[in-house]
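S.K.: For reference, the file structure-v7.pdb (PDB, C-alpha atoms, pLDDT in the B column) is included below:
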ATOM      1  CA  MET U 168      -4.789 -36.706 -12.407  1.00 84.00           C
ATOM      2  CA  ILE U 169      -6.270 -36.604  -8.910  1.00 88.00           C
ATOM      3  CA  ASN U 170      -8.797 -33.930  -7.883  1.00 85.00           C
ATOM      4  CA  ALA U 171      -6.364 -32.152  -5.531  1.00 86.00           C
ATOM      5  CA  THR U 172      -3.897 -31.681  -8.427  1.00 92.00           C
ATOM      6  CA  LYS U 173      -6.647 -30.348 -10.720  1.00 93.00           C
ATOM      7  CA  LYS U 174      -7.741 -27.964  -7.961  1.00 92.00           C
ATOM      8  CA  TRP U 175      -4.149 -26.742  -7.482  1.00 92.00           C
ATOM      9  CA  ILE U 176      -3.715 -26.149 -11.245  1.00 94.00           C
ATOM     10  CA  PHE U 177      -7.029 -24.235 -11.462  1.00 95.00           C
ATOM     11  CA  LEU U 178      -5.999 -22.197  -8.411  1.00 93.00           C
ATOM     12  CA  LYS U 179      -2.675 -21.239  -9.993  1.00 94.00           C
ATOM     13  CA  ILE U 180      -4.168 -20.409 -13.420  1.00 95.00           C
ATOM     14  CA  SER U 181      -6.938 -18.283 -11.908  1.00 96.00           C
ATOM     15  CA  GLY U 182      -4.364 -16.600  -9.619  1.00 94.00           C
ATOM     16  CA  ALA U 183      -2.207 -15.663 -12.614  1.00 95.00           C
ATOM     17  CA  ILE U 184      -5.246 -14.315 -14.530  1.00 96.00           C
ATOM     18  CA  LEU U 185      -6.393 -12.392 -11.454  1.00 95.00           C
ATOM     19  CA  VAL U 186      -3.225 -10.267 -11.138  1.00 95.00           C
ATOM     20  CA  PRO U 187      -3.721  -8.053 -14.271  1.00 96.00           C
ATOM     21  CA  LEU U 188      -7.510  -7.947 -13.741  1.00 97.00           C
ATOM     22  CA  MET U 189      -7.006  -6.774 -10.148  1.00 95.00           C
ATOM     23  CA  LEU U 190      -4.628  -4.027 -11.330  1.00 95.00           C
ATOM     24  CA  TRP U 191      -7.174  -2.871 -13.917  1.00 96.00           C
ATOM     25  CA  PHE U 192      -9.979  -2.951 -11.355  1.00 96.00           C
ATOM     26  CA  ILE U 193      -8.248  -1.123  -8.503  1.00 95.00           C
ATOM     27  CA  ILE U 194      -6.899   1.710 -10.682  1.00 96.00           C
ATOM     28  CA  ASN U 195     -10.339   2.241 -12.251  1.00 96.00           C
ATOM     29  CA  LEU U 196     -12.108   1.976  -8.880  1.00 96.00           C
ATOM     30  CA  ILE U 197      -9.903   4.786  -7.515  1.00 96.00           C
ATOM     31  CA  GLY U 198     -10.663   6.814 -10.647  1.00 95.00           C
ATOM     32  CA  ILE U 199     -14.464   6.540 -10.374  1.00 95.00           C
ATOM     33  CA  TYR U 200     -15.468   5.837  -6.750  1.00 94.00           C
ATOM     34  CA  ASP U 201     -16.182   9.472  -5.815  1.00 92.00           C
ATOM     35  CA  LYS U 202     -17.538  10.563  -9.205  1.00 93.00           C
ATOM     36  CA  GLU U 203     -21.137  11.518  -9.957  1.00 92.00           C
ATOM     37  CA  TYR U 204     -23.830   8.966 -10.841  1.00 94.00           C
ATOM     38  CA  THR U 205     -23.610   9.603 -14.582  1.00 94.00           C
ATOM     39  CA  ASP U 206     -19.816   9.140 -14.638  1.00 94.00           C
ATOM     40  CA  VAL U 207     -20.022   5.816 -12.775  1.00 95.00           C
ATOM     41  CA  LEU U 208     -22.947   4.738 -14.981  1.00 95.00           C
ATOM     42  CA  ASN U 209     -20.993   5.649 -18.129  1.00 95.00           C
ATOM     43  CA  PHE U 210     -18.035   3.619 -16.931  1.00 95.00           C
ATOM     44  CA  PHE U 211     -20.089   0.459 -16.292  1.00 95.00           C
ATOM     45  CA  SER U 212     -22.172   0.962 -19.458  1.00 94.00           C
ATOM     46  CA  ASN U 213     -19.038   0.824 -21.588  1.00 94.00           C
ATOM     47  CA  SER U 214     -18.790  -2.632 -23.218  1.00 95.00           C
ATOM     48  CA  THR U 215     -15.035  -3.021 -22.484  1.00 96.00           C
ATOM     49  CA  SER U 216     -15.576  -2.201 -18.797  1.00 96.00           C
ATOM     50  CA  LYS U 217     -18.571  -4.556 -18.645  1.00 96.00           C
ATOM     51  CA  PHE U 218     -16.524  -7.370 -20.173  1.00 97.00           C
ATOM     52  CA  LEU U 219     -13.449  -6.835 -17.972  1.00 97.00           C
ATOM     53  CA  PHE U 220     -15.531  -6.367 -14.815  1.00 97.00           C
ATOM     54  CA  SER U 221     -17.508  -9.553 -15.556  1.00 97.00           C
ATOM     55  CA  LEU U 222     -14.276 -11.458 -16.171  1.00 97.00           C
ATOM     56  CA  PHE U 223     -12.826  -9.990 -12.977  1.00 97.00           C
ATOM     57  CA  ILE U 224     -15.714 -11.038 -10.732  1.00 97.00           C
ATOM     58  CA  ILE U 225     -16.053 -14.518 -12.290  1.00 97.00           C
ATOM     59  CA  ASN U 226     -12.324 -15.151 -11.842  1.00 97.00           C
ATOM     60  CA  SER U 227     -12.240 -13.602  -8.356  1.00 96.00           C
ATOM     61  CA  TYR U 228     -15.077 -15.750  -7.042  1.00 96.00           C
ATOM     62  CA  PHE U 229     -13.639 -18.864  -8.682  1.00 96.00           C
ATOM     63  CA  PHE U 230     -10.189 -18.181  -7.187  1.00 95.00           C
ATOM     64  CA  SER U 231     -11.634 -17.291  -3.762  1.00 94.00           C
ATOM     65  CA  ALA U 232     -13.853 -20.374  -3.629  1.00 95.00           C
ATOM     66  CA  LEU U 233     -10.829 -22.594  -4.270  1.00 94.00           C
ATOM     67  CA  SER U 234      -8.625 -20.656  -1.810  1.00 93.00           C
ATOM     68  CA  ILE U 235     -11.194 -20.492   0.987  1.00 92.00           C
ATOM     69  CA  SER U 236     -11.974 -24.209   0.634  1.00 92.00           C
ATOM     70  CA  GLU U 237      -8.234 -24.753   1.320  1.00 89.00           C
ATOM     71  CA  VAL U 238      -8.629 -22.710   4.525  1.00 87.00           C
ATOM     72  CA  PHE U 239     -11.582 -24.949   5.527  1.00 89.00           C
ATOM     73  CA  GLU U 240      -9.429 -28.004   4.755  1.00 86.00           C
ATOM     74  CA  ASP U 241      -6.652 -26.686   7.010  1.00 85.00           C
ATOM     75  CA  TYR U 242      -8.666 -25.463   9.968  1.00 85.00           C
ATOM     76  CA  VAL U 243     -12.065 -27.226  10.052  1.00 88.00           C
ATOM     77  CA  GLY U 244     -11.965 -30.747  11.466  1.00 84.00           C
ATOM     78  CA  ASN U 245     -15.676 -31.630  11.351  1.00 88.00           C
ATOM     79  CA  ASP U 246     -16.558 -33.097   7.932  1.00 90.00           C
ATOM     80  CA  LYS U 247     -20.255 -32.140   8.094  1.00 93.00           C
ATOM     81  CA  ILE U 248     -19.494 -28.480   8.836  1.00 94.00           C
ATOM     82  CA  LYS U 249     -16.786 -28.470   6.159  1.00 93.00           C
ATOM     83  CA  ASN U 250     -19.122 -29.920   3.511  1.00 94.00           C
ATOM     84  CA  VAL U 251     -21.900 -27.433   4.277  1.00 95.00           C
ATOM     85  CA  ALA U 252     -19.415 -24.531   4.297  1.00 94.00           C
ATOM     86  CA  ASN U 253     -17.960 -25.678   0.956  1.00 93.00           C
ATOM     87  CA  LYS U 254     -21.419 -26.031  -0.633  1.00 95.00           C
ATOM     88  CA  LEU U 255     -22.410 -22.529   0.531  1.00 95.00           C
ATOM     89  CA  LEU U 256     -19.097 -21.186  -0.732  1.00 94.00           C
ATOM     90  CA  TYR U 257     -19.416 -22.752  -4.201  1.00 95.00           C
ATOM     91  CA  ALA U 258     -23.085 -21.723  -4.480  1.00 96.00           C
ATOM     92  CA  SER U 259     -22.268 -18.086  -3.640  1.00 95.00           C
ATOM     93  CA  ALA U 260     -19.345 -18.170  -6.107  1.00 96.00           C
ATOM     94  CA  VAL U 261     -21.840 -18.952  -8.874  1.00 97.00           C
ATOM     95  CA  VAL U 262     -24.899 -16.961  -7.765  1.00 97.00           C
ATOM     96  CA  ILE U 263     -23.302 -13.584  -6.877  1.00 96.00           C
ATOM     97  CA  PRO U 264     -21.327 -13.092 -10.134  1.00 97.00           C
ATOM     98  CA  LEU U 265     -24.248 -14.394 -12.195  1.00 97.00           C
ATOM     99  CA  ILE U 266     -26.748 -11.937 -10.658  1.00 96.00           C
ATOM    100  CA  THR U 267     -24.263  -9.063 -10.954  1.00 96.00           C
ATOM    101  CA  ILE U 268     -23.545  -9.814 -14.625  1.00 96.00           C
ATOM    102  CA  ILE U 269     -27.279  -9.974 -15.401  1.00 96.00           C
ATOM    103  CA  LEU U 270     -27.790  -6.638 -13.632  1.00 95.00           C
ATOM    104  CA  ILE U 271     -24.871  -4.831 -15.315  1.00 94.00           C
ATOM    105  CA  SER U 272     -26.031  -6.075 -18.699  1.00 93.00           C
ATOM    106  CA  LYS U 273     -29.144  -3.931 -18.110  1.00 90.00           C
ATOM    107  CA  LEU U 274     -27.085  -0.754 -17.547  1.00 87.00           C
TER     108      LEU U 274
ATOM    109  CA  MET G 791     -16.787 -41.379   8.576  1.00 52.00           C
ATOM    110  CA  GLU G 792     -14.327 -39.643  10.883  1.00 57.00           C
ATOM    111  CA  ASN G 793     -11.806 -37.475   9.013  1.00 63.00           C
ATOM    112  CA  LYS G 794      -8.291 -38.568  10.010  1.00 67.00           C
ATOM    113  CA  ASN G 795      -6.512 -35.778   8.088  1.00 69.00           C
ATOM    114  CA  PRO G 796      -4.340 -33.659  10.405  1.00 69.00           C
ATOM    115  CA  LEU G 797      -5.306 -30.007  10.773  1.00 70.00           C
ATOM    116  CA  SER G 798      -2.775 -27.214  10.423  1.00 68.00           C
ATOM    117  CA  PRO G 799      -0.902 -26.690  13.698  1.00 64.00           C
ATOM    118  CA  HIS G 800      -2.184 -23.817  15.734  1.00 63.00           C
ATOM    119  CA  ILE G 801      -0.490 -20.621  14.540  1.00 64.00           C
ATOM    120  CA  GLN G 802       0.742 -19.672  18.035  1.00 67.00           C
ATOM    121  CA  VAL G 803       2.951 -22.790  18.193  1.00 73.00           C
ATOM    122  CA  TYR G 804       5.581 -21.320  15.862  1.00 73.00           C
ATOM    123  CA  ARG G 805       7.782 -18.271  16.251  1.00 78.00           C
ATOM    124  CA  TRP G 806       6.692 -15.571  13.795  1.00 81.00           C
ATOM    125  CA  HIS G 807       8.783 -15.014  10.674  1.00 86.00           C
ATOM    126  CA  ILE G 808       8.324 -12.633   7.749  1.00 91.00           C
ATOM    127  CA  SER G 809       7.207 -15.568   5.559  1.00 90.00           C
ATOM    128  CA  SER G 810       4.551 -16.705   8.071  1.00 89.00           C
ATOM    129  CA  LEU G 811       3.309 -13.123   8.459  1.00 91.00           C
ATOM    130  CA  VAL G 812       3.015 -12.753   4.661  1.00 94.00           C
ATOM    131  CA  SER G 813       1.349 -16.167   4.358  1.00 90.00           C
ATOM    132  CA  ILE G 814      -1.352 -15.534   6.974  1.00 90.00           C
ATOM    133  CA  SER G 815      -1.853 -11.976   5.678  1.00 93.00           C
ATOM    134  CA  HIS G 816      -2.290 -13.398   2.160  1.00 93.00           C
ATOM    135  CA  ARG G 817      -5.168 -15.552   3.414  1.00 91.00           C
ATOM    136  CA  ILE G 818      -6.728 -12.731   5.462  1.00 93.00           C
ATOM    137  CA  THR G 819      -6.521 -10.181   2.609  1.00 94.00           C
ATOM    138  CA  GLY G 820      -7.934 -12.830   0.237  1.00 92.00           C
ATOM    139  CA  ILE G 821     -11.034 -13.185   2.415  1.00 92.00           C
ATOM    140  CA  ILE G 822     -11.302  -9.389   2.892  1.00 94.00           C
ATOM    141  CA  ASN G 823     -10.953  -8.851  -0.879  1.00 94.00           C
ATOM    142  CA  ILE G 824     -13.795 -11.199  -1.777  1.00 94.00           C
ATOM    143  CA  ALA G 825     -15.980  -9.415   0.810  1.00 95.00           C
ATOM    144  CA  ILE G 826     -15.003  -6.095  -0.852  1.00 95.00           C
ATOM    145  CA  ILE G 827     -15.771  -7.481  -4.327  1.00 96.00           C
ATOM    146  CA  THR G 828     -19.210  -8.561  -3.044  1.00 96.00           C
ATOM    147  CA  LEU G 829     -19.818  -4.985  -1.828  1.00 95.00           C
ATOM    148  CA  VAL G 830     -18.629  -3.641  -5.207  1.00 95.00           C
ATOM    149  CA  CYS G 831     -21.142  -5.967  -6.938  1.00 95.00           C
ATOM    150  CA  LEU G 832     -23.834  -4.473  -4.695  1.00 94.00           C
ATOM    151  CA  TRP G 833     -22.578  -0.937  -5.438  1.00 93.00           C
ATOM    152  CA  VAL G 834     -22.729  -1.537  -9.213  1.00 93.00           C
ATOM    153  CA  SER G 835     -26.202  -3.091  -8.875  1.00 91.00           C
ATOM    154  CA  LEU G 836     -27.385   0.036  -7.007  1.00 90.00           C
ATOM    155  CA  LEU G 837     -26.824   2.015 -10.214  1.00 92.00           C
ATOM    156  CA  LEU G 838     -30.026   0.438 -11.522  1.00 91.00           C
ATOM    157  CA  LEU G 839     -32.054   2.152  -8.780  1.00 91.00           C
ATOM    158  CA  GLY G 840     -31.381   5.589 -10.259  1.00 91.00           C
ATOM    159  CA  GLU G 841     -29.553   8.787  -9.367  1.00 90.00           C
ATOM    160  CA  THR G 842     -31.562   9.737  -6.248  1.00 89.00           C
ATOM    161  CA  LYS G 843     -30.955   6.450  -4.431  1.00 86.00           C
ATOM    162  CA  TYR G 844     -27.310   6.457  -5.580  1.00 90.00           C
ATOM    163  CA  GLU G 845     -26.718   9.781  -3.800  1.00 89.00           C
ATOM    164  CA  ILE G 846     -26.730   8.001  -0.393  1.00 89.00           C
ATOM    165  CA  ILE G 847     -23.787   5.766  -1.310  1.00 90.00           C
ATOM    166  CA  ASN G 848     -22.097   8.603  -3.203  1.00 90.00           C
ATOM    167  CA  SER G 849     -22.080  10.861  -0.134  1.00 92.00           C
ATOM    168  CA  LEU G 850     -20.525   8.044   1.933  1.00 92.00           C
ATOM    169  CA  LEU G 851     -17.806   7.429  -0.682  1.00 91.00           C
ATOM    170  CA  ASN G 852     -17.042  11.169  -0.846  1.00 92.00           C
ATOM    171  CA  SER G 853     -16.583  11.431   2.929  1.00 94.00           C
ATOM    172  CA  VAL G 854     -13.319  10.974   4.867  1.00 95.00           C
ATOM    173  CA  ILE G 855     -14.511   7.482   5.855  1.00 95.00           C
ATOM    174  CA  GLY G 856     -15.112   6.679   2.189  1.00 94.00           C
ATOM    175  CA  LYS G 857     -11.598   7.773   1.227  1.00 94.00           C
ATOM    176  CA  PHE G 858     -10.132   5.751   4.113  1.00 95.00           C
ATOM    177  CA  ILE G 859     -12.107   2.693   2.937  1.00 94.00           C
ATOM    178  CA  ILE G 860     -10.825   3.100  -0.637  1.00 95.00           C
ATOM    179  CA  LEU G 861      -7.218   3.476   0.572  1.00 96.00           C
ATOM    180  CA  SER G 862      -7.577   0.344   2.732  1.00 96.00           C
ATOM    181  CA  VAL G 863      -9.125  -1.543  -0.198  1.00 95.00           C
ATOM    182  CA  THR G 864      -6.240  -0.408  -2.427  1.00 96.00           C
ATOM    183  CA  TRP G 865      -3.675  -1.656   0.106  1.00 97.00           C
ATOM    184  CA  SER G 866      -5.479  -4.989   0.502  1.00 96.00           C
ATOM    185  CA  PHE G 867      -5.554  -5.516  -3.290  1.00 96.00           C
ATOM    186  CA  SER G 868      -1.913  -4.355  -3.663  1.00 96.00           C
ATOM    187  CA  PHE G 869      -0.812  -6.804  -0.985  1.00 97.00           C
ATOM    188  CA  GLN G 870      -2.764  -9.627  -2.640  1.00 95.00           C
ATOM    189  CA  VAL G 871      -1.268  -8.870  -6.079  1.00 95.00           C
ATOM    190  CA  LEU G 872       2.337  -8.835  -4.803  1.00 97.00           C
ATOM    191  CA  SER G 873       1.828 -11.859  -2.567  1.00 96.00           C
ATOM    192  CA  GLU G 874       0.193 -13.785  -5.429  1.00 94.00           C
ATOM    193  CA  ILE G 875       3.172 -12.990  -7.698  1.00 96.00           C
ATOM    194  CA  ARG G 876       5.496 -14.213  -4.890  1.00 96.00           C
ATOM    195  CA  HIS G 877       3.479 -17.450  -4.627  1.00 94.00           C
ATOM    196  CA  LEU G 878       3.575 -17.958  -8.410  1.00 94.00           C
ATOM    197  CA  ILE G 879       7.375 -17.482  -8.461  1.00 95.00           C
ATOM    198  CA  MET G 880       7.685 -20.012  -5.606  1.00 94.00           C
ATOM    199  CA  ASP G 881       5.514 -22.454  -7.588  1.00 92.00           C
ATOM    200  CA  PHE G 882       8.227 -22.436 -10.259  1.00 93.00           C
ATOM    201  CA  GLY G 883      10.700 -23.530  -7.575  1.00 94.00           C
ATOM    202  CA  TYR G 884      12.407 -20.195  -6.858  1.00 94.00           C
ATOM    203  CA  GLY G 885      12.776 -18.202  -3.638  1.00 92.00           C
ATOM    204  CA  PHE G 886      12.664 -20.961  -1.025  1.00 92.00           C
ATOM    205  CA  GLU G 887      16.023 -20.107   0.572  1.00 93.00           C
ATOM    206  CA  LEU G 888      15.503 -18.505   3.991  1.00 92.00           C
ATOM    207  CA  LYS G 889      17.247 -15.245   3.056  1.00 94.00           C
ATOM    208  CA  THR G 890      15.416 -14.938  -0.290  1.00 95.00           C
ATOM    209  CA  SER G 891      12.087 -15.784   1.344  1.00 94.00           C
ATOM    210  CA  LYS G 892      12.662 -13.056   3.948  1.00 95.00           C
ATOM    211  CA  ILE G 893      13.621 -10.486   1.279  1.00 96.00           C
ATOM    212  CA  THR G 894      10.624 -11.291  -0.961  1.00 96.00           C
ATOM    213  CA  GLY G 895       8.352 -11.154   2.118  1.00 96.00           C
ATOM    214  CA  LEU G 896       9.665  -7.676   2.938  1.00 97.00           C
ATOM    215  CA  ILE G 897       9.200  -6.644  -0.724  1.00 97.00           C
ATOM    216  CA  VAL G 898       5.542  -7.723  -0.456  1.00 97.00           C
ATOM    217  CA  ILE G 899       4.986  -5.774   2.790  1.00 97.00           C
ATOM    218  CA  PHE G 900       6.733  -2.522   1.830  1.00 97.00           C
ATOM    219  CA  GLY G 901       5.918  -2.860  -1.872  1.00 97.00           C
ATOM    220  CA  SER G 902       2.209  -3.005  -1.059  1.00 97.00           C
ATOM    221  CA  ILE G 903       2.453   0.406   0.628  1.00 97.00           C
ATOM    222  CA  ILE G 904       4.351   1.875  -2.343  1.00 97.00           C
ATOM    223  CA  LEU G 905       1.840   0.307  -4.774  1.00 96.00           C
ATOM    224  CA  THR G 906      -1.089   1.733  -2.774  1.00 97.00           C
ATOM    225  CA  VAL G 907       0.271   5.264  -3.143  1.00 96.00           C
ATOM    226  CA  SER G 908       1.150   4.681  -6.832  1.00 96.00           C
ATOM    227  CA  PHE G 909      -2.285   3.223  -7.679  1.00 96.00           C
ATOM    228  CA  TYR G 910      -4.021   6.085  -5.894  1.00 95.00           C
ATOM    229  CA  LEU G 911      -2.023   8.687  -7.810  1.00 95.00           C
ATOM    230  CA  ILE G 912      -2.504   6.880 -11.160  1.00 95.00           C
ATOM    231  CA  GLY G 913      -6.239   6.362 -10.532  1.00 94.00           C
ATOM    232  CA  LYS G 914      -6.801   9.965  -9.471  1.00 92.00           C
ATOM    233  CA  ASN G 915      -4.723  11.595 -12.201  1.00 90.00           C
ATOM    234  CA  PHE G 916      -5.118   9.404 -15.273  1.00 85.00           C
ATOM    235  CA  ILE G 917      -8.604   7.855 -15.095  1.00 76.00           C
TER     236      ILE G 917
END
Translate the structure described by the file into structure tokens.

M.R.:
Amino acid sequence: MINATKKWIFLKISGAILVPLMLWFIINLIGIYDKEYTDVLNFFSNSTSKFLFSLFIINSYFFSALSISEVFEDYVGNDKIKNVANKLLYASAVVIPLITIILISKL
Amino acid sequence: MENKNPLSPHIQVYRWHISSLVSISHRITGIINIAIITLVCLWVSLLLLGETKYEIINSLLNSVIGKFIILSVTWSFSFQVLSEIRHLIMDFGYGFELKTSKITGLIVIFGSIILTVSFYLIGKNFI
């Protein structure tokens, strides 16, 4: 299997997983965004919320990194710029969720 | 080595159709959504700083601007969800006929508005 096929399969699987996680996230975000500090803290301290939120951000960044690299492939002609952009994209897709998960584990 | 792969034709070359509008909007909302998720990560991380510091962000979220932002975020996510489902259905080989593609495109556009209102009501009343 060539890399482009693997990438397409990963993109489709993560896209399918993202749909229910996005529904869970947006409904809960609307429910808590304007609440007091303790309510928001209680929500993110709950182990189910922590688990689903962690899964949501890991999957979102994974899906976005693959999708945005497709945009670079379609619209960026210069290979050097494309490679740097892709490296920054993949690095941020690992670093941001990792830091967030470490921080919410302390809540 | 020079990359010989062709780039996508410039978007102004083609006449706009519902399917092209949904396709480009899918990409734009995808990029907006990941920016929003990054801000949400920052918002959740701010909880560690304590209640006093959190008040600044809380007052912004409770303002009219905050509500407008949340509604826009809800629409962007709703659009992405419906458009992703449309893409997944197309990946199974369905919905490529011009008429079907136009109808599903319209479902994504108008459905995202209906979903935004529904999500807002569900989130506000049941969470």

S.K.: What does the structure give for the distance between atom CA of Trp191 of chain U and atom CA of Leu896 of chain G, in Å to one decimal?

M.R.: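 Value for the atom CA of Trp191 of chain U-atom CA of Leu896 of chain G distance: 24.3 Å.
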
S.K.: Taking all atoms listed in the file into account and nothing else, which residues of chain G lie no more than 8 Å away from chain U? Please answer as number ranges by chain.

M.R.: G: 792-793, 797-798, 820-821, 824, 827-828, 831-832, 834-835, 837-838, 841, 844-845, 848, 851-852, 860, 864, 867, 871, 874-875, 878, 909-910, 912-917

S.K.: Show me, as a ChimeraX atom specification, the residues that have an atom within 10 Å of Trp865 of chain G when counting all atoms listed in the file, minus same-chain residues fewer than 4 positions from it.

M.R.: /U:193 /G:819,859-861,869-871,899,901-907,909-910

S.K.: Take atom CA of Ile225 of chain U and atom CA of Ser866 of chain G and report the distance between them in Å, one decimal.

M.R.: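 Value for the atom CA of Ile225 of chain U-atom CA of Ser866 of chain G distance: 19.1 Å.
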
S.K.: Between atom CA of Leu836 of chain G and atom CA of Arg817 of chain G, measure the distance and give it in Å to one decimal.

M.R.: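 Atom CA of Leu836 of chain G sits 29.1 Å away from atom CA of Arg817 of chain G.
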